Amino acid sequence: MKITKLTTFIVPPRWCFLKIETDDGIFGWGEPVVEGRAHTVATAVDELSDYLVGKDPFLIEDHWTVMYRAGFYRGGAVHMSAIAGIDQALWDIKGKALGVPVHQLLGGKLRDRIRVYSWIGGDRPAETAAAAKEVAARGFTAIKMNGTEELQYLDSHAKLDAVLGRVGAIRDALGPDFGIAVDFHGRVHRPMAKVLAKELDAYRLMFIEEPVLSEHSEALREIANHCATPIALGERLFSRWDFKKILSEGYVDVIQPDPSHAGGITETRKIAAMAEAYDMGLALHCPLGPIALAANLQLDAVCYNAFIQEQSLGIHYNATNDLLDYLVDPSVFDYSDGHVAIPDGPGLGIEVNEAFVRRKAAEGHRWRNPVWRHVDGSFAEW
């Protein structure tokens, strides 16, 4: 079997899908994308295809190594996301060719389903208690919310009080056992992060996500010493080498690599195993499409430290198309009692509706995240 063609599809709301074809008719799907840079990643996939066409798709580890190392310059969001989507599609091909799910090739699943959380609140958090109750009514037992709007290095405590008010309203509405995660989204700088983290302890959160940007990891020790809430981080780290310092320093409790950004199934599993050695939980990042979620679930099946999964059903970004629209059989993601089932079909376990993909790719998208500014006119982290 040889790889014959790689085709990318830029599809709404903000995704990029990849189809890899072979000379015996078996094909695989992946989701190589950086949100807001989908076309750039698609170009990187095209560049990598020069090496891949004509190769045996089963040699996944070797292909990953060459794609990562052979270009001399390596790493970063675009390069690793291109590799990620290719890697996912190669695993999909191998599983389909052998008639087994990817998790069977990775040693066999150790769980049948995994808890999931739903997003609420959007980029300008408001009416969060009502949104959380609506999510709970749909069967979810946990949510994640953006914690703040823009914050200066030192800012008004009234803004922090507003965060506490929103979180408190959810806790009061849904009780002590409902899961709440608060995403600082890199919007909070070190001086305010330690204050807000400490104040949030009272609400017994699942975790605080990205209390500071990953490049400020030296601040995590101080933040961790100011609160008892678990700290999660990792969506903006892209390889085991990026995670090495975070893991060894020990101030993060939950890592969040994204298998569509962090080198795919091959690399993310290695990152997860490294984290397990440090007794850290795994909550894979996935505010993306159905192919990405399928890849995440194959990993959740075999990673012991996985305990909850992000997914994008109903997320505020999905205004034009939602998670299940691109699947022939949406029921393959069996949502029940706050969990989702691990797909057991061959490969990634899903069947992509290619006709619909091609129709929506004709529309495409130019999704960009908003640009925020402080009241003084300076740029604000989104």
# chains A, B, ... in the order shown; residues from 1 in each chain; ligands from 1
>>> select_by_dssp(residues="stretch 133-283 of chain A", states="alpha helix (DSSP H)", output="PyMOL selection string")
chain A and resi 133-137+157-174+190-200+220-224+240-249+264-277
>>> residues_around(residues="stretch 45-50 of chain A", least_positions_apart="2", cutoff="7 Å", atoms="only C-alpha atoms", output="list in words")
Leu6, Val41, Ala42, Thr43, Leu52, Val53, Met67 and Ala82 of chain A
>>> write_last_selection(atoms="N, CA and C atoms", output="PDB file, in the first residue's frame")
ATOM      1  N   LEU A   6      -2.828  13.736  -0.744  1.00  0.00           N
ATOM      2  CA  LEU A   6      -3.282  14.421   0.466  1.00  0.00           C
ATOM      3  C   LEU A   6      -4.116  15.621   0.040  1.00  0.00           C
ATOM      4  N   VAL A  41      -1.817  26.228   7.979  1.00  0.00           N
ATOM      5  CA  VAL A  41      -1.564  24.822   8.288  1.00  0.00           C
ATOM      6  C   VAL A  41      -1.795  23.956   7.048  1.00  0.00           C
ATOM      7  N   ALA A  42      -2.830  24.265   6.273  1.00  0.00           N
ATOM      8  CA  ALA A  42      -3.084  23.505   5.044  1.00  0.00           C
ATOM      9  C   ALA A  42      -1.889  23.591   4.097  1.00  0.00           C
ATOM     10  N   THR A  43      -1.258  24.750   4.025  1.00  0.00           N
ATOM     11  CA  THR A  43      -0.065  24.901   3.191  1.00  0.00           C
ATOM     12  C   THR A  43       1.083  24.048   3.730  1.00  0.00           C
ATOM     13  N   LEU A  52       5.661  12.439   1.648  1.00  0.00           N
ATOM     14  CA  LEU A  52       4.795  11.318   1.993  1.00  0.00           C
ATOM     15  C   LEU A  52       4.262  10.545   0.794  1.00  0.00           C
ATOM     16  N   VAL A  53       3.972  11.233  -0.296  1.00  0.00           N
ATOM     17  CA  VAL A  53       3.389  10.544  -1.449  1.00  0.00           C
ATOM     18  C   VAL A  53       4.350   9.463  -1.946  1.00  0.00           C
ATOM     19  N   MET A  67       9.006  13.901   9.399  1.00  0.00           N
ATOM     20  CA  MET A  67       8.267  15.170   9.285  1.00  0.00           C
ATOM     21  C   MET A  67       8.725  16.162  10.346  1.00  0.00           C
ATOM     22  N   ALA A  82       0.218  20.589  11.454  1.00  0.00           N
ATOM     23  CA  ALA A  82       0.241  19.890  10.163  1.00  0.00           C
ATOM     24  C   ALA A  82       0.613  18.424  10.367  1.00  0.00           C
TER      25      ALA A  82
END
>>> closest_atom_pairs(of="stretch 195-240 of chain A", to="stretch 303-325 of chain A", cutoff="12 Å", atoms="only C-alpha atoms", output="Markdown table")
| residue | atom | partner | partner_atom | distance |
| --- | --- | --- | --- | --- |
| A:Met206 | CA | A:Ile308 | CA | 10.2 |
| A:Phe207 | CA | A:Ile308 | CA | 11.4 |
| A:Glu235 | CA | A:Glu310 | CA | 11.5 |
>>> residues_around(residues="A:Thr4", least_positions_apart="6", cutoff="10 Å", atoms="only C-alpha atoms", output="ChimeraX atom specification")
/A:20-25,27,49,52-57
>>> select_by_dssp(residues="stretch 177-322 of chain A", states="strand (DSSP E or B)", output="ChimeraX atom specification")
/A:179-183,207-209,231-233,254-255,281-282,306,309-310
>>> atom_distance(atom1="atom CA of A:Cys16", atom2="atom CA of A:Lys2")
23.5 Å
>>> residues_around(residues="A:Phe9", least_positions_apart="4", cutoff="12 Å", atoms="only C-alpha atoms", output="MDAnalysis selection string")
chainID A and resid 14:20 29:33 38:39 41:43 45:46 85 354:365
>>> residues_around(residues="A:His226", least_positions_apart="4", cutoff="7 Å", atoms="only C-alpha atoms", output="list in words")
Lys194, Lys198 and Glu222 of chain A
>>> atom_distance(atom1="atom CA of A:Ala277", atom2="atom CA of A:Gly250")
11.3 Å
>>> residues_around(residues="A:Ala132", least_positions_apart="4", cutoff="12 Å", atoms="only C-alpha atoms", output="PyMOL selection string")
chain A and resi 117-122+125-128+136-145+166-175+178-181
>>> write_last_selection(atoms="C-alpha atoms", output="tab-separated table (two decimals), in the first residue's frame")
chain	number	residue	atom	x	y	z
A	117	TYR	CA	-17.56	18.93	29.74
A	118	SER	CA	-19.38	21.60	27.80
A	119	TRP	CA	-18.40	25.20	27.19
A	120	ILE	CA	-20.57	28.10	28.37
A	121	GLY	CA	-20.29	31.84	28.53
A	122	GLY	CA	-18.47	32.75	25.35
A	125	PRO	CA	-19.05	35.97	30.10
A	126	ALA	CA	-22.62	36.84	31.04
A	127	GLU	CA	-25.71	34.96	32.20
A	128	THR	CA	-23.48	32.04	33.00
A	136	ALA	CA	-26.96	20.42	32.89
A	137	ALA	CA	-30.45	19.87	31.50
A	138	ARG	CA	-28.82	18.28	28.44
A	139	GLY	CA	-27.10	15.75	30.67
A	140	PHE	CA	-23.65	17.27	31.16
A	141	THR	CA	-22.16	17.11	34.64
A	142	ALA	CA	-19.37	19.63	34.10
A	143	ILE	CA	-18.73	22.91	32.31
A	144	LYS	CA	-15.83	25.18	31.48
A	145	MET	CA	-16.16	28.93	31.26
A	166	ARG	CA	-20.48	34.38	37.99
A	167	VAL	CA	-18.78	31.29	39.36
A	168	GLY	CA	-20.72	31.58	42.60
A	169	ALA	CA	-24.01	31.79	40.73
A	170	ILE	CA	-23.24	28.51	38.93
A	171	ARG	CA	-22.21	26.81	42.16
A	172	ASP	CA	-25.41	27.98	43.89
A	173	ALA	CA	-27.58	26.91	40.95
A	174	LEU	CA	-26.11	23.45	40.39
A	175	GLY	CA	-24.81	22.38	43.76
A	178	PHE	CA	-21.28	19.89	39.54
A	179	GLY	CA	-17.92	20.26	37.79
A	180	ILE	CA	-16.75	23.81	37.09
A	181	ALA	CA	-13.49	24.72	35.37
>>> residues_around(residues="A:Glu61", least_positions_apart="2", cutoff="12 Å", atoms="only C-alpha atoms", output="list in words")
Asp56, Pro57, Phe58, Leu59, His63, Trp64, Thr65, Val66, Met67, Tyr68, Ile83, Ile86, Asp87, Gln88, Leu90, Trp91, Gly263, Gly264, Ile265, Thr266, Glu267 and Lys270 of chain A
>>> closest_residue(among="A:Glu35, A:Asp253, A:Asp279, A:Asp201", to="A:Cys227", atoms="only C-alpha atoms")
A:Asp201
>>> closest_residue(among="A:Tyr326, A:Tyr153, A:Tyr251, A:Tyr335", to="A:Ile114", atoms="only C-alpha atoms")
A:Tyr335
>>> atom_distance(atom1="atom CA of A:Glu209", atom2="atom CA of A:Asp337")
24.1 Å
>>> closest_residue(among="A:Ala380, A:Ala301, A:Leu196, A:Ile60", to="A:Asp112", atoms="only C-alpha atoms")
A:Ala301
>>> decode(residues="stretch 252-274 of chain A", atoms="C-alpha atoms", output="CSV table (one decimal), in the first residue's frame")
chain,number,residue,atom,x,y,z
A,252,VAL,CA,0.8,21.9,37.0
A,253,ASP,CA,-1.8,19.2,38.1
A,254,VAL,CA,-3.5,18.6,34.7
A,255,ILE,CA,-1.9,18.8,31.3
A,256,GLN,CA,-4.0,19.7,28.2
A,257,PRO,CA,-2.2,18.8,25.0
A,258,ASP,CA,-4.3,19.1,21.8
A,259,PRO,CA,-3.9,16.1,19.5
A,260,SER,CA,-4.6,18.4,16.5
A,261,HIS,CA,-1.8,20.7,17.6
A,262,ALA,CA,0.7,18.5,19.5
A,263,GLY,CA,1.8,16.2,16.8
A,264,GLY,CA,-1.2,14.0,16.6
A,265,ILE,CA,-1.9,10.6,18.3
A,266,THR,CA,1.7,9.5,18.2
A,267,GLU,CA,3.2,12.5,20.1
A,268,THR,CA,0.2,13.2,22.4
A,269,ARG,CA,0.4,9.6,23.8
A,270,LYS,CA,4.0,10.1,24.6
A,271,ILE,CA,3.2,13.4,26.4
A,272,ALA,CA,0.4,11.7,28.3
A,273,ALA,CA,2.8,8.9,29.4
A,274,MET,CA,5.3,11.5,30.6
